[in-house]
>>> print(open('upload_38.cif').read())   # mmCIF, C-alpha atoms and all ligand atoms
data_upload
loop_
_atom_site.label_atom_id
_atom_site.label_comp_id
_atom_site.auth_asym_id
_atom_site.auth_seq_id
_atom_site.Cartn_x
_atom_site.Cartn_y
_atom_site.Cartn_z
CA MET A 1 -23.90 -5.42 -4.99
CA PRO A 2 -21.99 -2.26 -3.88
CA VAL A 3 -19.29 -1.02 -6.26
CA LEU A 4 -16.58 -1.47 -3.61
CA SER A 5 -15.55 -4.68 -1.87
CA THR A 6 -14.93 -4.79 1.91
CA ALA A 7 -11.20 -4.80 1.14
CA CYS A 8 -11.49 -1.61 -0.92
CA ARG A 9 -13.54 0.15 1.76
CA LEU A 10 -10.91 -0.67 4.40
CA CYS A 11 -8.19 0.47 2.02
CA HIS A 12 -9.93 3.84 1.67
CA GLU A 13 -9.91 4.17 5.47
CA GLY A 14 -6.18 3.48 5.47
CA ALA A 15 -6.85 0.36 7.56
CA LYS A 16 -5.19 -2.15 5.22
CA MET A 17 -1.61 -3.19 5.80
CA VAL A 18 0.36 -3.83 2.60
CA LEU A 19 2.00 -7.24 2.85
CA PHE A 20 4.54 -7.46 0.05
CA VAL A 21 5.45 -11.16 0.14
CA THR A 22 8.13 -11.35 -2.56
CA GLY A 23 9.64 -9.13 -5.24
CA ARG A 24 9.99 -12.11 -7.60
CA CYS A 25 7.60 -12.36 -10.53
CA ASN A 26 7.31 -14.60 -13.57
CA ARG A 27 5.95 -11.78 -15.71
CA THR A 28 7.63 -8.75 -17.25
CA CYS A 29 4.80 -6.22 -17.59
CA TRP A 30 6.23 -3.08 -19.20
CA TYR A 31 4.18 -0.90 -16.83
CA CYS A 32 5.32 -2.71 -13.65
CA PRO A 33 5.64 -0.01 -10.97
CA ILE A 34 7.68 -2.03 -8.40
CA SER A 35 10.70 -0.11 -7.13
CA SER A 36 14.20 -1.30 -8.08
CA GLU A 37 14.86 -1.83 -4.37
CA LYS A 38 12.18 -4.55 -4.25
CA LYS A 39 11.97 -5.84 -7.82
CA GLY A 40 13.26 -9.40 -8.33
CA LYS A 41 14.34 -9.80 -4.70
CA ASP A 42 12.82 -12.46 -2.49
CA THR A 43 12.36 -10.09 0.43
CA ALA A 44 9.05 -9.53 2.22
CA TYR A 45 7.76 -6.27 3.74
CA ALA A 46 4.86 -5.31 5.99
CA ASN A 47 4.22 -1.74 4.77
CA ASP A 48 7.83 -0.43 4.73
CA ARG A 49 9.14 -2.76 7.43
CA ILE A 50 11.33 -5.69 6.28
CA ILE A 51 9.91 -8.97 7.59
CA LEU A 52 12.57 -10.92 9.44
CA SER A 53 10.18 -12.77 11.73
CA ASP A 54 6.44 -13.25 12.23
CA ASN A 55 6.62 -10.68 14.98
CA ASP A 56 7.48 -7.94 12.44
CA ILE A 57 4.14 -8.53 10.71
CA LEU A 58 2.17 -8.47 13.96
CA GLU A 59 3.96 -5.37 15.23
CA GLU A 60 3.34 -3.48 12.00
CA ALA A 61 -0.34 -4.48 12.00
CA ARG A 62 -0.58 -3.33 15.62
CA SER A 63 1.17 -0.02 14.92
CA MET A 64 -1.51 1.00 12.41
CA SER A 65 -4.48 -0.78 14.06
CA ALA A 66 -4.89 -2.70 10.82
CA LEU A 67 -8.30 -4.17 10.07
CA GLY A 68 -7.03 -6.13 7.10
CA ALA A 69 -4.13 -6.76 4.73
CA GLY A 70 -3.51 -6.73 1.01
CA ILE A 71 -1.11 -9.43 -0.19
CA THR A 72 1.01 -8.17 -3.02
CA GLY A 73 4.38 -8.52 -4.74
CA GLY A 74 5.94 -9.46 -7.24
CA GLU A 75 3.82 -12.54 -7.76
CA PRO A 76 2.54 -13.72 -4.36
CA LEU A 77 1.59 -17.13 -5.70
CA LEU A 78 5.23 -17.96 -6.45
CA VAL A 79 5.39 -18.41 -2.64
CA PRO A 80 1.95 -19.87 -1.79
CA GLU A 81 3.12 -21.55 1.44
CA ARG A 82 4.48 -18.20 2.67
CA VAL A 83 1.18 -16.50 1.80
CA ASN A 84 -0.69 -19.19 3.69
CA HIS A 85 1.60 -18.85 6.70
CA TYR A 86 1.39 -15.03 6.90
CA CYS A 87 -2.38 -14.95 6.34
CA SER A 88 -3.03 -17.71 8.92
CA LEU A 89 -0.85 -15.83 11.39
CA LEU A 90 -2.97 -12.68 10.95
CA LYS A 91 -6.30 -14.52 11.04
CA ASN A 92 -5.23 -16.36 14.23
CA GLU A 93 -4.20 -13.11 15.88
CA TYR A 94 -7.04 -10.83 14.77
CA GLY A 95 -9.85 -13.25 14.00
CA ASP A 96 -11.75 -14.12 10.88
CA ALA A 97 -13.07 -10.59 10.36
CA PHE A 98 -9.51 -9.40 9.57
CA ASN A 99 -10.03 -8.97 5.83
CA ILE A 100 -7.34 -10.27 3.47
CA HIS A 101 -7.23 -9.76 -0.27
CA LEU A 102 -4.57 -11.17 -2.56
CA TYR A 103 -3.34 -9.88 -5.93
CA THR A 104 -2.19 -12.35 -8.54
CA GLY A 105 -1.11 -12.13 -12.16
CA ILE A 106 -1.62 -15.87 -12.68
CA ALA A 107 -4.77 -17.98 -12.87
CA PRO A 108 -4.40 -20.35 -9.91
CA GLY A 109 -5.67 -23.93 -10.13
CA LYS A 110 -7.76 -25.77 -7.57
CA ASP A 111 -4.81 -26.91 -5.38
CA ILE A 112 -3.58 -23.38 -4.76
CA LEU A 113 -7.10 -22.04 -4.29
CA ARG A 114 -7.76 -24.72 -1.67
CA LEU A 115 -4.54 -23.76 0.13
CA LEU A 116 -5.76 -20.15 0.29
CA LYS A 117 -9.28 -21.03 1.38
CA GLY A 118 -9.99 -19.89 4.94
CA CYS A 119 -7.05 -17.49 5.11
CA VAL A 120 -7.75 -15.23 2.09
CA ASP A 121 -11.14 -13.55 1.62
CA GLU A 122 -10.83 -11.94 -1.80
CA ILE A 123 -8.76 -12.81 -4.85
CA ARG A 124 -7.85 -9.96 -7.19
CA PHE A 125 -6.97 -11.28 -10.60
CA HIS A 126 -4.61 -9.17 -12.64
CA PRO A 127 -4.68 -10.77 -16.10
CA PRO A 128 -1.60 -9.51 -17.95
CA GLU A 129 -2.20 -7.09 -20.78
CA GLU A 130 -1.01 -9.48 -23.49
CA ILE A 131 -3.96 -11.83 -22.92
CA TRP A 132 -6.75 -9.22 -22.66
CA GLU A 133 -7.72 -9.62 -26.32
CA HIS A 134 -8.18 -13.37 -25.80
CA PHE A 135 -9.26 -13.27 -22.16
CA GLN A 136 -12.22 -15.65 -22.65
CA GLU A 137 -9.93 -18.34 -24.12
CA SER A 138 -7.30 -17.92 -21.36
CA ALA A 139 -7.07 -19.86 -18.08
CA PHE A 140 -8.59 -16.92 -16.14
CA PRO A 141 -12.35 -17.53 -16.64
CA GLU A 142 -12.02 -21.10 -15.31
CA SER A 143 -9.87 -19.98 -12.37
CA ILE A 144 -12.40 -17.22 -11.56
CA ARG A 145 -15.26 -19.75 -11.69
CA MET A 146 -13.41 -22.14 -9.33
CA ALA A 147 -12.60 -19.30 -6.92
CA LYS A 148 -16.26 -18.29 -6.82
CA ASP A 149 -17.38 -21.90 -6.29
CA LEU A 150 -14.97 -22.16 -3.36
CA GLY A 151 -16.56 -19.07 -1.79
CA PHE A 152 -13.89 -16.41 -2.42
CA GLU A 153 -14.92 -12.89 -3.30
CA VAL A 154 -13.52 -12.31 -6.78
CA THR A 155 -12.25 -9.12 -8.36
CA ILE A 156 -10.44 -8.24 -11.57
CA GLU A 157 -8.05 -5.33 -11.04
CA VAL A 158 -6.01 -3.94 -13.92
CA PRO A 159 -4.20 -0.73 -14.79
CA SER A 160 -5.81 1.62 -17.30
CA LEU A 161 -4.27 0.83 -20.67
CA PRO A 162 -5.50 1.52 -24.22
CA GLU A 163 -6.69 -2.12 -24.62
CA LEU A 164 -9.15 -1.99 -21.70
CA HIS A 165 -12.17 -2.38 -23.98
CA TYR A 166 -11.23 -6.05 -24.52
CA LEU A 167 -12.19 -6.70 -20.88
CA ILE A 168 -15.73 -5.28 -21.12
CA PRO A 169 -17.29 -8.77 -21.46
CA ALA A 170 -15.40 -9.95 -18.34
CA VAL A 171 -16.99 -7.39 -16.00
CA ASP A 172 -20.06 -9.48 -15.24
CA SER A 173 -18.03 -12.61 -14.46
CA VAL A 174 -16.66 -11.15 -11.20
CA ASP A 175 -17.99 -9.55 -8.02
CA TRP A 176 -15.96 -6.35 -8.49
CA PHE A 177 -13.95 -4.78 -11.26
CA ASN A 178 -11.31 -2.14 -10.42
CA ILE A 179 -9.21 0.00 -12.72
CA ASN A 180 -6.07 1.63 -11.38
CA GLU A 181 -5.00 4.81 -13.08
CA LEU A 182 -1.73 4.03 -14.87
CA GLU A 183 1.18 5.36 -12.82
CA TRP A 184 4.63 6.53 -13.75
CA SER A 185 7.49 5.18 -11.62
CA GLU A 186 11.30 5.20 -11.67
CA THR A 187 11.29 1.61 -13.00
CA ASN A 188 8.76 2.01 -15.83
CA ALA A 189 9.75 5.54 -16.94
CA GLU A 190 11.87 4.32 -19.87
CA ALA A 191 9.09 2.06 -21.18
CA MET A 192 6.59 4.92 -20.80
CA ARG A 193 8.81 7.26 -22.81
CA GLY A 194 9.29 4.50 -25.41
CA LYS A 195 5.50 4.50 -25.88
CA ASP A 196 5.39 8.31 -26.14
CA LEU A 197 3.52 8.58 -22.85
CA SER A 198 3.96 11.49 -20.49
CA LEU A 199 2.87 12.64 -17.05
CA GLU A 200 -0.50 14.35 -16.73
CA ASP A 201 0.95 17.13 -14.56
CA CYS A 202 3.99 17.86 -12.43
CA TYR A 203 2.28 17.01 -9.14
CA HIS A 204 1.07 13.39 -9.52
CA ASN A 205 2.33 10.15 -11.05
CA ALA A 206 -0.75 9.78 -13.27
CA VAL A 207 -0.08 9.16 -16.97
CA GLU A 208 -1.77 11.40 -19.51
CA GLY A 209 -4.64 9.69 -21.35
CA ALA A 210 -5.19 6.93 -18.77
CA GLU A 211 -8.70 8.11 -17.90
CA ILE A 212 -9.74 8.33 -21.56
CA TRP A 213 -8.73 4.69 -22.19
CA ALA A 214 -11.07 3.65 -19.39
CA ALA A 215 -14.03 5.74 -20.58
CA ASP A 216 -15.91 2.92 -22.35
CA ILE A 217 -15.58 0.27 -19.65
CA LEU A 218 -16.48 2.85 -16.99
CA LYS A 219 -19.92 3.22 -18.58
CA ASN A 220 -20.73 0.05 -16.64
CA PRO A 221 -21.64 1.35 -13.14
CA ARG A 222 -20.11 -1.77 -11.56
CA VAL A 223 -16.63 -0.72 -12.63
CA HIS A 224 -14.64 1.27 -10.08
CA TRP A 225 -11.95 3.81 -11.02
CA CYS A 226 -9.10 4.25 -8.51
CA SER A 227 -7.17 7.39 -9.35
CA SER A 228 -3.50 7.90 -8.62
CA GLY A 229 -4.30 11.14 -6.74
CA PHE A 230 -6.84 9.34 -4.55
CA LYS A 231 -4.29 6.69 -3.57
CA ASP A 232 -1.83 9.35 -2.44
CA SER A 233 -4.15 11.88 -0.92
CA VAL A 234 -6.65 9.59 0.81
CA GLN A 235 -5.47 5.99 1.18
CA LEU A 236 -1.85 6.60 2.02
CA ARG A 237 -2.62 9.65 4.13
CA ASN A 238 -5.24 7.78 6.17
CA ARG A 239 -2.82 4.90 6.75
CA LEU A 240 -0.12 7.32 7.91
CA ILE A 241 -2.53 9.10 10.26
CA ARG A 242 -3.55 5.77 11.85
CA THR A 243 0.10 4.81 12.37
CA ALA A 244 1.13 8.27 13.58
CA GLU A 245 -1.72 8.41 16.12
CA ASN A 246 -0.83 4.95 17.43
CA THR A 247 2.89 5.52 17.72
CA ALA A 248 3.30 9.23 18.58
CA ARG A 249 5.17 10.03 21.77
CA GLU A 250 3.30 12.25 24.25
CA PHE A 251 5.02 15.38 22.95
CA GLU A 252 4.75 14.71 19.22
CA GLU A 253 2.13 16.42 17.09
CA VAL A 254 0.33 14.44 14.38
CA THR A 255 -0.17 16.62 11.29
CA ASP A 256 -3.10 16.43 8.85
CA ASP A 257 -0.75 14.65 6.44
CA GLY A 258 -0.02 11.85 8.93
CA THR A 259 3.52 13.04 9.69
CA LEU A 260 4.91 13.70 13.17
CA MET A 261 6.45 16.97 14.41
CA TYR A 262 8.73 17.37 17.40
CA GLY A 263 11.59 19.57 18.58
CA VAL A 264 15.25 18.64 19.00
CA TRP A 265 17.58 20.51 21.33
CA GLU A 266 21.27 19.71 20.99
CA TYR A 267 21.89 20.40 24.65
CA SER A 268 25.23 20.12 26.36
CA GLU A 269 24.61 18.91 29.87
CA GLN A 270 22.43 21.91 30.84
CA SER A 271 19.63 21.26 33.27
CA HIS A 272 16.12 22.02 32.03
CA ASP A 273 12.62 22.42 33.35
CA ILE A 274 10.71 20.40 30.78
CA GLU A 275 8.17 18.30 32.67
CA ASP A 276 8.54 14.52 32.82
CA GLY A 277 6.82 12.69 29.98
CA MET A 278 7.34 15.67 27.67
CA TRP A 279 10.92 14.91 26.70
CA GLU A 280 13.21 12.04 25.85
CA GLU A 281 16.97 11.81 25.45
CA ARG A 282 17.99 10.35 22.10
CA ASP A 283 21.40 10.29 20.42
CA GLY A 284 22.68 12.70 23.05
CA ASN A 285 19.95 15.29 22.29
CA ILE A 286 16.73 16.23 24.04
CA GLU A 287 13.62 15.57 21.98
CA THR A 288 10.49 17.40 23.12
CA ALA A 289 7.40 19.23 21.89
CA TRP A 290 8.38 21.63 19.11
CA TRP A 291 6.37 24.44 20.70
CA ILE A 292 8.26 24.19 24.01
CA LEU A 293 11.48 25.12 22.19
CA ALA A 294 9.78 27.64 19.87
CA GLU A 295 7.95 29.59 22.61
CA ASN A 296 10.90 30.14 24.94
CA PRO A 297 14.05 29.68 22.88
CA GLU A 298 16.14 31.63 25.43
CA ASN A 299 15.55 28.83 27.97
CA TYR A 300 17.26 26.33 25.69
CA PRO A 301 20.61 27.73 24.55
CA GLY A 302 22.42 26.19 21.61
CA LYS A 303 21.26 24.55 18.44
CA LYS A 304 17.60 23.54 18.21
CA TYR A 305 15.19 22.74 15.44
CA ILE A 306 11.81 21.22 14.53
CA ILE A 307 11.66 17.90 12.71
CA GLU A 308 8.76 16.71 10.60
CA ARG A 309 8.99 13.04 9.65
CA TYR A 310 6.96 10.00 8.67
CA PRO A 311 5.90 7.78 11.58
CA GLY A 312 7.98 4.80 12.71
CA ASP A 313 11.30 6.68 12.44
CA GLY A 314 10.46 7.21 8.77
CA ILE A 315 11.92 9.64 6.26
CA ILE A 316 12.49 13.21 7.47
CA VAL A 317 10.31 15.62 5.47
CA GLU A 318 11.64 18.89 6.85
CA VAL A 319 14.05 20.34 9.41
CA ILE A 320 13.14 23.86 10.55
CA PRO A 321 15.91 25.67 12.49
CA LEU A 322 14.80 27.67 15.55
S1 LIG B 401 2.48 -9.13 -12.67
FE1 LIG B 401 2.65 -7.35 -11.30
S2 LIG B 401 4.63 -7.59 -10.25
FE2 LIG B 401 4.63 -8.97 -12.02
S3 LIG B 401 5.64 -7.77 -13.63
FE3 LIG B 401 3.41 -7.49 -13.87
S4 LIG B 401 2.95 -5.62 -12.70
FE4 LIG B 401 5.00 -6.31 -12.04
#
>>> encode(input="upload_38.cif", output="structure tokens")
Amino acid sequence: MPVLSTACRLCHEGAKMVLFVTGRCNRTCWYCPISSEKKGKDTAYANDRIILSDNDILEEARSMSALGAGITGGEPLLVPERVNHYCSLLKNEYGDAFNIHLYTGIAPGKDILRLLKGCVDEIRFHPPEEIWEHFQESAFPESIRMAKDLGFEVTIEVPSLPELHYLIPAVDSVDWFNINELEWSETNAEAMRGKDLSLEDCYHNAVEGAEIWAADILKNPRVHWCSSGFKDSVQLRNRLIRTAENTAREFEEVTDDGTLMYGVWEYSEQSHDIEDGMWEERDGNIETAWWILAENPENYPGKKYIIERYPGDGIIVEVIPL
């Protein structure tokens, strides 16, 4: 058995859409990284797009040429009918090979597992930290067994915490076992400080010591370590590049980071010689290739600048005056 599931391989390629189905959760994990914008709110997102209709999900999947989706939250199984609806929608549109994995912090019973059968391929169990010491006596082993009997691929995925060694006996009960490097976020920062934890460096969100806590369980070659740096530098970047390449206008440049660069000329009714297809009027300005404005600035009098931003009218990273 390879160390990575199909879902993980697609995630590495940036081909998995993140389907955040609800911000509600029945647990209160101290390390929960969900942003305050999403936490506790019953709002769904496809990547960063709020889902107001089924079409939002399909459009987002199309914009990144998604080959699969990861169902996350909050606790997705607080809204099982919604999960079933969204997953069926995607399977109907893209076919059975569209790979769907679902995270859950609960141990679902047979009724819920049957509801998910056919629309979810892999279940990723996230047993909460407080039961790790008594994992074998919890409801998880039975739920894992039922999921396997029903034909799901089964994974345990947990953050790296000092108590990881309690889960060593559980590794062989599942198809895959993933450890996420513990990550610092605005919502768990206070709890992290309360436990005397600190950031590993000033560049990433990784928490100091997280890799050492995983050292024993990682001796098993079936256990996969997903670092915080990898998620940012490979997964997220690859997803952005896919989206940027699919959505870029003719004159926009896709950078190696998956952002888009274009020029803006705040023109005031002047005529111009920019060829058709290489410009667009937006908000009263001309948007065009950044190099057209940079190479011959005298042809475009007035204020002009280069914009670098995330795809899909995302956050502006930089504005460079010309
Ligand atoms: S189960 Fe997940 S979403 Fe719920 S509190 Fe824990 S980390 Fe947050």
>>> residues_around(input="upload_38.cif", residues="Pro159 of chain A", least_positions_apart="6", cutoff="6 Å", atoms="all atoms listed in the file", output="ChimeraX atom specification")
/A:179-182
>>> closest_residue(input="upload_38.cif", among="A:Asp56, A:Glu122, A:Asp48, A:Glu13", to="Leu236 of chain A", atoms="only C-alpha atoms")
A:Glu13
>>> closest_residue(input="upload_38.cif", among="A:Ser173, A:Asn47, A:Ser143, A:Asn188", to="ligand LIG 401 (chain B)", atoms="all atoms listed in the file")
A:Asn188
>>> residues_around(input="upload_38.cif", residues="Glu37 of chain A", least_positions_apart="3", cutoff="10 Å", atoms="all atoms listed in the file", output="ChimeraX atom specification")
/A:23,34,40-41,43,187
>>> residues_near_ligand(input="upload_38.cif", ligand="ligand LIG 401 (chain B)", cutoff="12 Å", atoms="only C-alpha atoms and all ligand atoms", output="VMD selection string")
chain A and resid 20 to 36 38 to 41 71 to 78 102 to 107 124 to 130 157 to 159 180 182 to 183 185 187 to 188
>>> residues_around(input="upload_38.cif", residues="segment 281-297 of chain A", least_positions_apart="2", cutoff="7 Å", atoms="all atoms listed in the file", output="list in words")
Phe251, Glu252, Met261, Tyr262, Gly263, Val264, Trp265, Glu266, Tyr267, Met278, Trp279, Asn299, Tyr300, Ile306 and Leu322 of chain A
>>> atom_distance(input="upload_38.cif", atom1="atom CA of His224 of chain A", atom2="atom CA of Ser5 of chain A")
10.2 Å
>>> atom_distance(input="upload_38.cif", atom1="atom CA of Asp96 of chain A", atom2="atom CA of Lys117 of chain A")
12.0 Å
>>> atom_distance(input="upload_38.cif", atom1="atom CA of Val79 of chain A", atom2="atom CA of Trp176 of chain A")
25.2 Å
>>> closest_residue(input="upload_38.cif", among="A:Leu58, A:Leu19, A:Ala97, A:Val171", to="Arg82 of chain A", atoms="all atoms listed in the file")
A:Leu19
>>> axis_aligned_box(input="upload_38.cif", around="segment 10-28 of chain A", padding_each_side="6 Å", output="lines of an AutoDock Vina configuration file")
center_x = -0.5
center_y = -5.2
center_z = -4.8
size_x = 32.9
size_y = 30.8
size_z = 36.8
>>> closest_residue(input="upload_38.cif", among="A:Asp276, A:Glu318, A:Glu60, A:Asp196", to="Lys16 of chain A", atoms="all atoms listed in the file")
A:Glu60
>>> residues_around(input="upload_38.cif", residues="Arg309 of chain A", least_positions_apart="3", cutoff="9 Å", atoms="all atoms listed in the file", output="PyMOL selection string")
chain A and resi 259-262+312-319
>>> closest_residue(input="upload_38.cif", among="A:Gly229, A:Arg49, A:Val174, A:Trp132", to="Ser63 of chain A", atoms="all atoms listed in the file")
A:Arg49
>>> closest_residue(input="upload_38.cif", among="A:Gly68, A:Pro321, A:Val83, A:Glu275", to="Tyr305 of chain A", atoms="only C-alpha atoms")
A:Pro321
